Amino acid sequence: MMKEKGADSPMWAICQHEFFRLFKSIKSLITVAFIVGISYLVSDLVNQAASFLPQQELAQGHALGIFVLIMLFGPLFVFSLSHDVINRELAGRTIRFLVTRTSRNQIILGKFLGVAFFWLTCMFITFGVVLATVQTFDAKTFYLCVSLLIYCISLALLLSLVIPRPSYTMFLGIVIALIMPGLGLWSTFSSHPAAPWIKYLTPFSFMEKGGAWTSFIWLYAAAFLIASMYLFRRRDC
């Protein structure tokens, strides 16, 4: 069980514990290696077409490969690694040690920040591959990828509180991760009467619009996080 590193900062102790727990996981290392490997392959393929593309389009081509990978598989990566971020502690009764040491809101925020910093680090590593290849950092694509991951992290945290068994959240998380990209793309481009309502429940329509619309993705994430805090305060541990 985690030991506090400072009586005045239990949230950061929880954050660090979750961050390093993910990096010590074999599944996490394989996931990171997969993302970086695919990014390298895409960079290599784009480099082969370098003579046919202007420098600006060349840089965008590298970032586009990462964007498509995160858009299609980002939810799956997040849910597969963090579906049990809270309910594994509840199932193992280890949550009681945290509850007696700090507030429940700080537990939720610490868990959220630990997972978020893990994925932020993964994105820096991934985009670092592009930066080393073409000496260009696509801030817009980086921001969109991080926004999608933050949305998925906060949703995974909420599901981990709503559903008590880790095996159930694993199954449901994979189902959501597989359906979400397809549903988001369908609702964005479909003329079905239900599409305009459904598309605003997923982050993909906001990503497609870009600009200030992406702030709605963060608002959804904040709403999931606030709901998690509320549910955790009302839950017996």
# chains A, B, ... in the order shown; residues from 1 in each chain; ligands from 1
>>> residues_around(residues="A:Met229", least_positions_apart="4", cutoff="12 Å", atoms="only C-alpha atoms", output="JSON, numbers by chain")
{"A": [86, 103, 104, 105, 106, 107, 108, 109, 110, 111, 112, 154, 157, 158, 160, 161, 162, 222, 223, 224, 225, 233, 234, 235]}
>>> closest_atom_pairs(of="stretch 124-171 of chain A", to="stretch 65-85 of chain A", cutoff="6 Å", atoms="only C-alpha atoms", output="Markdown table")
| residue | atom | partner | partner_atom | distance |
| --- | --- | --- | --- | --- |
| A:Cys152 | CA | A:Pro75 | CA | 5.8 |
| A:Ala156 | CA | A:His83 | CA | 5.5 |
| A:Ser160 | CA | A:Asp84 | CA | 5.5 |
| A:Pro166 | CA | A:Asp84 | CA | 5.2 |
| A:Thr169 | CA | A:His83 | CA | 5.7 |
| A:Met170 | CA | A:His83 | CA | 5.7 |
>>> residues_around(residues="A:Phe127", least_positions_apart="2", cutoff="10 Å", atoms="only C-alpha atoms", output="ChimeraX atom specification")
/A:36,39-40,62-63,66,121-125,129-133,136-139,141-142
>>> residues_around(residues="A:Ala116", least_positions_apart="2", cutoff="9 Å", atoms="only C-alpha atoms", output="ChimeraX atom specification")
/A:19,111-114,118-121,146,149-150,153
>>> select_by_dssp(residues="stretch 159-203 of chain A", states="helix (DSSP H, G or I)", output="ChimeraX atom specification")
/A:159-162,166-189,195-201
>>> write_last_selection(atoms="N, CA and C atoms", output="tab-separated table (two decimals), in the first residue's frame")
chain	number	residue	atom	x	y	z
A	159	LEU	N	-17.06	5.32	-14.24
A	159	LEU	CA	-17.53	3.95	-14.35
A	159	LEU	C	-16.97	3.07	-13.24
A	160	SER	N	-15.74	3.34	-12.83
A	160	SER	CA	-15.08	2.57	-11.79
A	160	SER	C	-15.75	2.78	-10.43
A	161	LEU	N	-16.48	3.88	-10.29
A	161	LEU	CA	-17.23	4.13	-9.06
A	161	LEU	C	-18.66	3.59	-9.16
A	162	VAL	N	-19.25	3.71	-10.32
A	162	VAL	CA	-20.63	3.25	-10.51
A	162	VAL	C	-20.72	1.73	-10.46
A	166	PRO	N	-14.29	-4.93	-10.80
A	166	PRO	CA	-13.34	-4.61	-11.88
A	166	PRO	C	-13.57	-5.42	-13.15
A	167	SER	N	-14.00	-6.67	-13.02
A	167	SER	CA	-14.22	-7.49	-14.22
A	167	SER	C	-15.36	-6.93	-15.07
A	168	TYR	N	-16.36	-6.35	-14.40
A	168	TYR	CA	-17.47	-5.75	-15.14
A	168	TYR	C	-17.06	-4.47	-15.85
A	169	THR	N	-16.26	-3.64	-15.15
A	169	THR	CA	-15.82	-2.39	-15.80
A	169	THR	C	-14.85	-2.69	-16.94
A	170	MET	N	-14.09	-3.77	-16.83
A	170	MET	CA	-13.21	-4.16	-17.92
A	170	MET	C	-14.03	-4.48	-19.16
A	171	PHE	N	-15.08	-5.27	-18.99
A	171	PHE	CA	-15.92	-5.66	-20.11
A	171	PHE	C	-16.65	-4.44	-20.68
A	172	LEU	N	-17.29	-3.66	-19.78
A	172	LEU	CA	-18.05	-2.50	-20.24
A	172	LEU	C	-17.13	-1.46	-20.88
A	173	GLY	N	-15.94	-1.28	-20.31
A	173	GLY	CA	-15.00	-0.32	-20.86
A	173	GLY	C	-14.58	-0.67	-22.28
A	174	ILE	N	-14.33	-1.96	-22.52
A	174	ILE	CA	-13.95	-2.39	-23.86
A	174	ILE	C	-15.11	-2.18	-24.84
A	175	VAL	N	-16.34	-2.48	-24.39
A	175	VAL	CA	-17.51	-2.27	-25.25
A	175	VAL	C	-17.66	-0.79	-25.61
A	176	ILE	N	-17.55	0.07	-24.60
A	176	ILE	CA	-17.66	1.52	-24.84
A	176	ILE	C	-16.54	1.99	-25.76
A	177	ALA	N	-15.33	1.50	-25.52
A	177	ALA	CA	-14.18	1.92	-26.32
A	177	ALA	C	-14.33	1.50	-27.78
A	178	LEU	N	-14.97	0.37	-28.02
A	178	LEU	CA	-15.16	-0.09	-29.40
A	178	LEU	C	-16.31	0.65	-30.08
A	179	ILE	N	-17.35	0.97	-29.32
A	179	ILE	CA	-18.53	1.61	-29.89
A	179	ILE	C	-18.32	3.11	-30.08
A	180	MET	N	-17.63	3.74	-29.12
A	180	MET	CA	-17.53	5.20	-29.10
A	180	MET	C	-17.00	5.80	-30.39
A	181	PRO	N	-15.85	5.33	-30.94
A	181	PRO	CA	-15.36	5.96	-32.18
A	181	PRO	C	-16.32	5.80	-33.35
A	182	GLY	N	-16.87	4.59	-33.49
A	182	GLY	CA	-17.80	4.36	-34.59
A	182	GLY	C	-19.06	5.19	-34.45
A	183	LEU	N	-19.60	5.26	-33.23
A	183	LEU	CA	-20.81	6.05	-32.99
A	183	LEU	C	-20.54	7.53	-33.20
A	184	GLY	N	-19.36	7.98	-32.75
A	184	GLY	CA	-19.03	9.39	-32.92
A	184	GLY	C	-18.89	9.78	-34.38
A	185	LEU	N	-18.21	8.96	-35.16
A	185	LEU	CA	-18.03	9.26	-36.58
A	185	LEU	C	-19.35	9.14	-37.33
A	186	TRP	N	-20.14	8.13	-36.98
A	186	TRP	CA	-21.44	7.97	-37.64
A	186	TRP	C	-22.35	9.16	-37.38
A	187	SER	N	-22.44	9.57	-36.12
A	187	SER	CA	-23.34	10.67	-35.77
A	187	SER	C	-22.85	12.01	-36.33
A	188	THR	N	-21.55	12.15	-36.56
A	188	THR	CA	-21.02	13.39	-37.09
A	188	THR	C	-21.37	13.58	-38.56
A	189	PHE	N	-21.37	12.49	-39.32
A	189	PHE	CA	-21.57	12.59	-40.76
A	189	PHE	C	-22.91	12.02	-41.24
A	195	ALA	N	-28.94	11.51	-35.16
A	195	ALA	CA	-27.52	11.81	-35.20
A	195	ALA	C	-27.16	13.15	-34.57
A	196	PRO	N	-27.92	14.24	-34.82
A	196	PRO	CA	-27.55	15.52	-34.21
A	196	PRO	C	-27.54	15.50	-32.69
A	197	TRP	N	-28.37	14.63	-32.08
A	197	TRP	CA	-28.41	14.54	-30.62
A	197	TRP	C	-27.30	13.64	-30.09
A	198	ILE	N	-27.06	12.57	-30.81
A	198	ILE	CA	-26.06	11.60	-30.34
A	198	ILE	C	-24.65	12.16	-30.46
A	199	LYS	N	-24.38	12.93	-31.51
A	199	LYS	CA	-23.01	13.37	-31.76
A	199	LYS	C	-22.46	14.26	-30.65
A	200	TYR	N	-23.36	14.95	-29.95
A	200	TYR	CA	-22.88	15.84	-28.88
A	200	TYR	C	-22.67	15.11	-27.55
A	201	LEU	N	-22.90	13.80	-27.55
A	201	LEU	CA	-22.59	13.00	-26.37
A	201	LEU	C	-21.18	12.41	-26.44
>>> closest_residue(among="A:Ile95, A:Ile38, A:Leu155, A:Leu144", to="A:Gly210", atoms="only C-alpha atoms")
A:Leu144
>>> closest_atom_pairs(of="stretch 113-171 of chain A", to="stretch 203-206 of chain A", cutoff="9 Å", atoms="only C-alpha atoms", output="CSV")
residue,atom,partner,partner_atom,distance
A:Ser147,CA,A:Pro203,CA,8.5
A:Leu148,CA,A:Pro203,CA,6.7
A:Tyr151,CA,A:Pro203,CA,7.6
>>> write_last_selection(atoms="C-alpha atoms", output="mmCIF file, in the first residue's frame")
data_model
loop_
_atom_site.group_PDB
_atom_site.id
_atom_site.type_symbol
_atom_site.label_atom_id
_atom_site.label_comp_id
_atom_site.auth_asym_id
_atom_site.auth_seq_id
_atom_site.Cartn_x
_atom_site.Cartn_y
_atom_site.Cartn_z
ATOM 1 C CA SER A 147 -8.472 16.288 -24.869
ATOM 2 C CA LEU A 148 -9.824 12.933 -26.045
ATOM 3 C CA TYR A 151 -12.462 12.705 -21.609
#
>>> atom_distance(atom1="atom CA of A:Asn87", atom2="atom CA of A:Ala221")
19.2 Å
>>> residues_around(residues="A:Glu18", least_positions_apart="3", cutoff="7 Å", atoms="only C-alpha atoms", output="PDB file with all heavy atoms, in the first residue's frame")
ATOM      1  N   ILE A  14      -0.947  10.292  -3.830  1.00  0.00           N
ATOM      2  CA  ILE A  14      -1.826   9.369  -4.560  1.00  0.00           C
ATOM      3  C   ILE A  14      -1.564   9.475  -6.056  1.00  0.00           C
ATOM      4  O   ILE A  14      -1.506   8.465  -6.779  1.00  0.00           O
ATOM      5  CB  ILE A  14      -3.305   9.674  -4.251  1.00  0.00           C
ATOM      6  CG1 ILE A  14      -3.613   9.388  -2.780  1.00  0.00           C
ATOM      7  CG2 ILE A  14      -4.238   8.859  -5.147  1.00  0.00           C
ATOM      8  CD1 ILE A  14      -4.958   9.900  -2.325  1.00  0.00           C
ATOM      9  N   CYS A  15      -1.387  10.707  -6.539  1.00  0.00           N
ATOM     10  CA  CYS A  15      -1.085  10.943  -7.955  1.00  0.00           C
ATOM     11  C   CYS A  15       0.201  10.232  -8.362  1.00  0.00           C
ATOM     12  O   CYS A  15       0.237   9.525  -9.380  1.00  0.00           O
ATOM     13  CB  CYS A  15      -0.988  12.446  -8.210  1.00  0.00           C
ATOM     14  SG  CYS A  15      -0.401  12.894  -9.848  1.00  0.00           S
ATOM     15  N   ARG A  21       2.534   3.351 -10.770  1.00  0.00           N
ATOM     16  CA  ARG A  21       1.902   2.034 -10.878  1.00  0.00           C
ATOM     17  C   ARG A  21       1.635   1.694 -12.338  1.00  0.00           C
ATOM     18  O   ARG A  21       1.860   0.562 -12.781  1.00  0.00           O
ATOM     19  CB  ARG A  21       0.587   2.011 -10.083  1.00  0.00           C
ATOM     20  CG  ARG A  21      -0.086   0.630 -10.045  1.00  0.00           C
ATOM     21  CD  ARG A  21      -1.523   0.723  -9.578  1.00  0.00           C
ATOM     22  NE  ARG A  21      -2.355   1.404 -10.563  1.00  0.00           N
ATOM     23  CZ  ARG A  21      -2.886   0.807 -11.617  1.00  0.00           C
ATOM     24  NH1 ARG A  21      -2.642  -0.476 -11.856  1.00  0.00           N
ATOM     25  NH2 ARG A  21      -3.642   1.487 -12.448  1.00  0.00           N
ATOM     26  N   LEU A  22       1.175   2.689 -13.093  1.00  0.00           N
ATOM     27  CA  LEU A  22       0.905   2.460 -14.504  1.00  0.00           C
ATOM     28  C   LEU A  22       2.189   2.185 -15.274  1.00  0.00           C
ATOM     29  O   LEU A  22       2.229   1.305 -16.143  1.00  0.00           O
ATOM     30  CB  LEU A  22       0.177   3.668 -15.096  1.00  0.00           C
ATOM     31  CG  LEU A  22      -1.317   3.769 -14.780  1.00  0.00           C
ATOM     32  CD1 LEU A  22      -1.872   5.128 -15.199  1.00  0.00           C
ATOM     33  CD2 LEU A  22      -2.098   2.653 -15.447  1.00  0.00           C
ATOM     34  N   LYS A 111      -6.136  10.233  -8.069  1.00  0.00           N
ATOM     35  CA  LYS A 111      -6.227   9.139  -9.043  1.00  0.00           C
ATOM     36  C   LYS A 111      -6.323   9.690 -10.465  1.00  0.00           C
ATOM     37  O   LYS A 111      -5.636   9.216 -11.382  1.00  0.00           O
ATOM     38  CB  LYS A 111      -7.457   8.279  -8.734  1.00  0.00           C
ATOM     39  CG  LYS A 111      -7.393   7.497  -7.436  1.00  0.00           C
ATOM     40  CD  LYS A 111      -6.524   6.264  -7.594  1.00  0.00           C
ATOM     41  CE  LYS A 111      -6.612   5.362  -6.386  1.00  0.00           C
ATOM     42  NZ  LYS A 111      -5.789   4.145  -6.522  1.00  0.00           N
ATOM     43  N   GLY A 114      -2.983  11.243 -11.579  1.00  0.00           N
ATOM     44  CA  GLY A 114      -1.972  10.225 -11.824  1.00  0.00           C
ATOM     45  C   GLY A 114      -2.124   9.584 -13.189  1.00  0.00           C
ATOM     46  O   GLY A 114      -1.147   9.428 -13.932  1.00  0.00           O
ATOM     47  N   VAL A 115      -3.364   9.221 -13.537  1.00  0.00           N
ATOM     48  CA  VAL A 115      -3.623   8.620 -14.850  1.00  0.00           C
ATOM     49  C   VAL A 115      -3.411   9.648 -15.957  1.00  0.00           C
ATOM     50  O   VAL A 115      -2.848   9.340 -17.012  1.00  0.00           O
ATOM     51  CB  VAL A 115      -5.056   8.048 -14.906  1.00  0.00           C
ATOM     52  CG1 VAL A 115      -5.345   7.455 -16.285  1.00  0.00           C
ATOM     53  CG2 VAL A 115      -5.257   6.982 -13.833  1.00  0.00           C
TER      54      VAL A 115
END
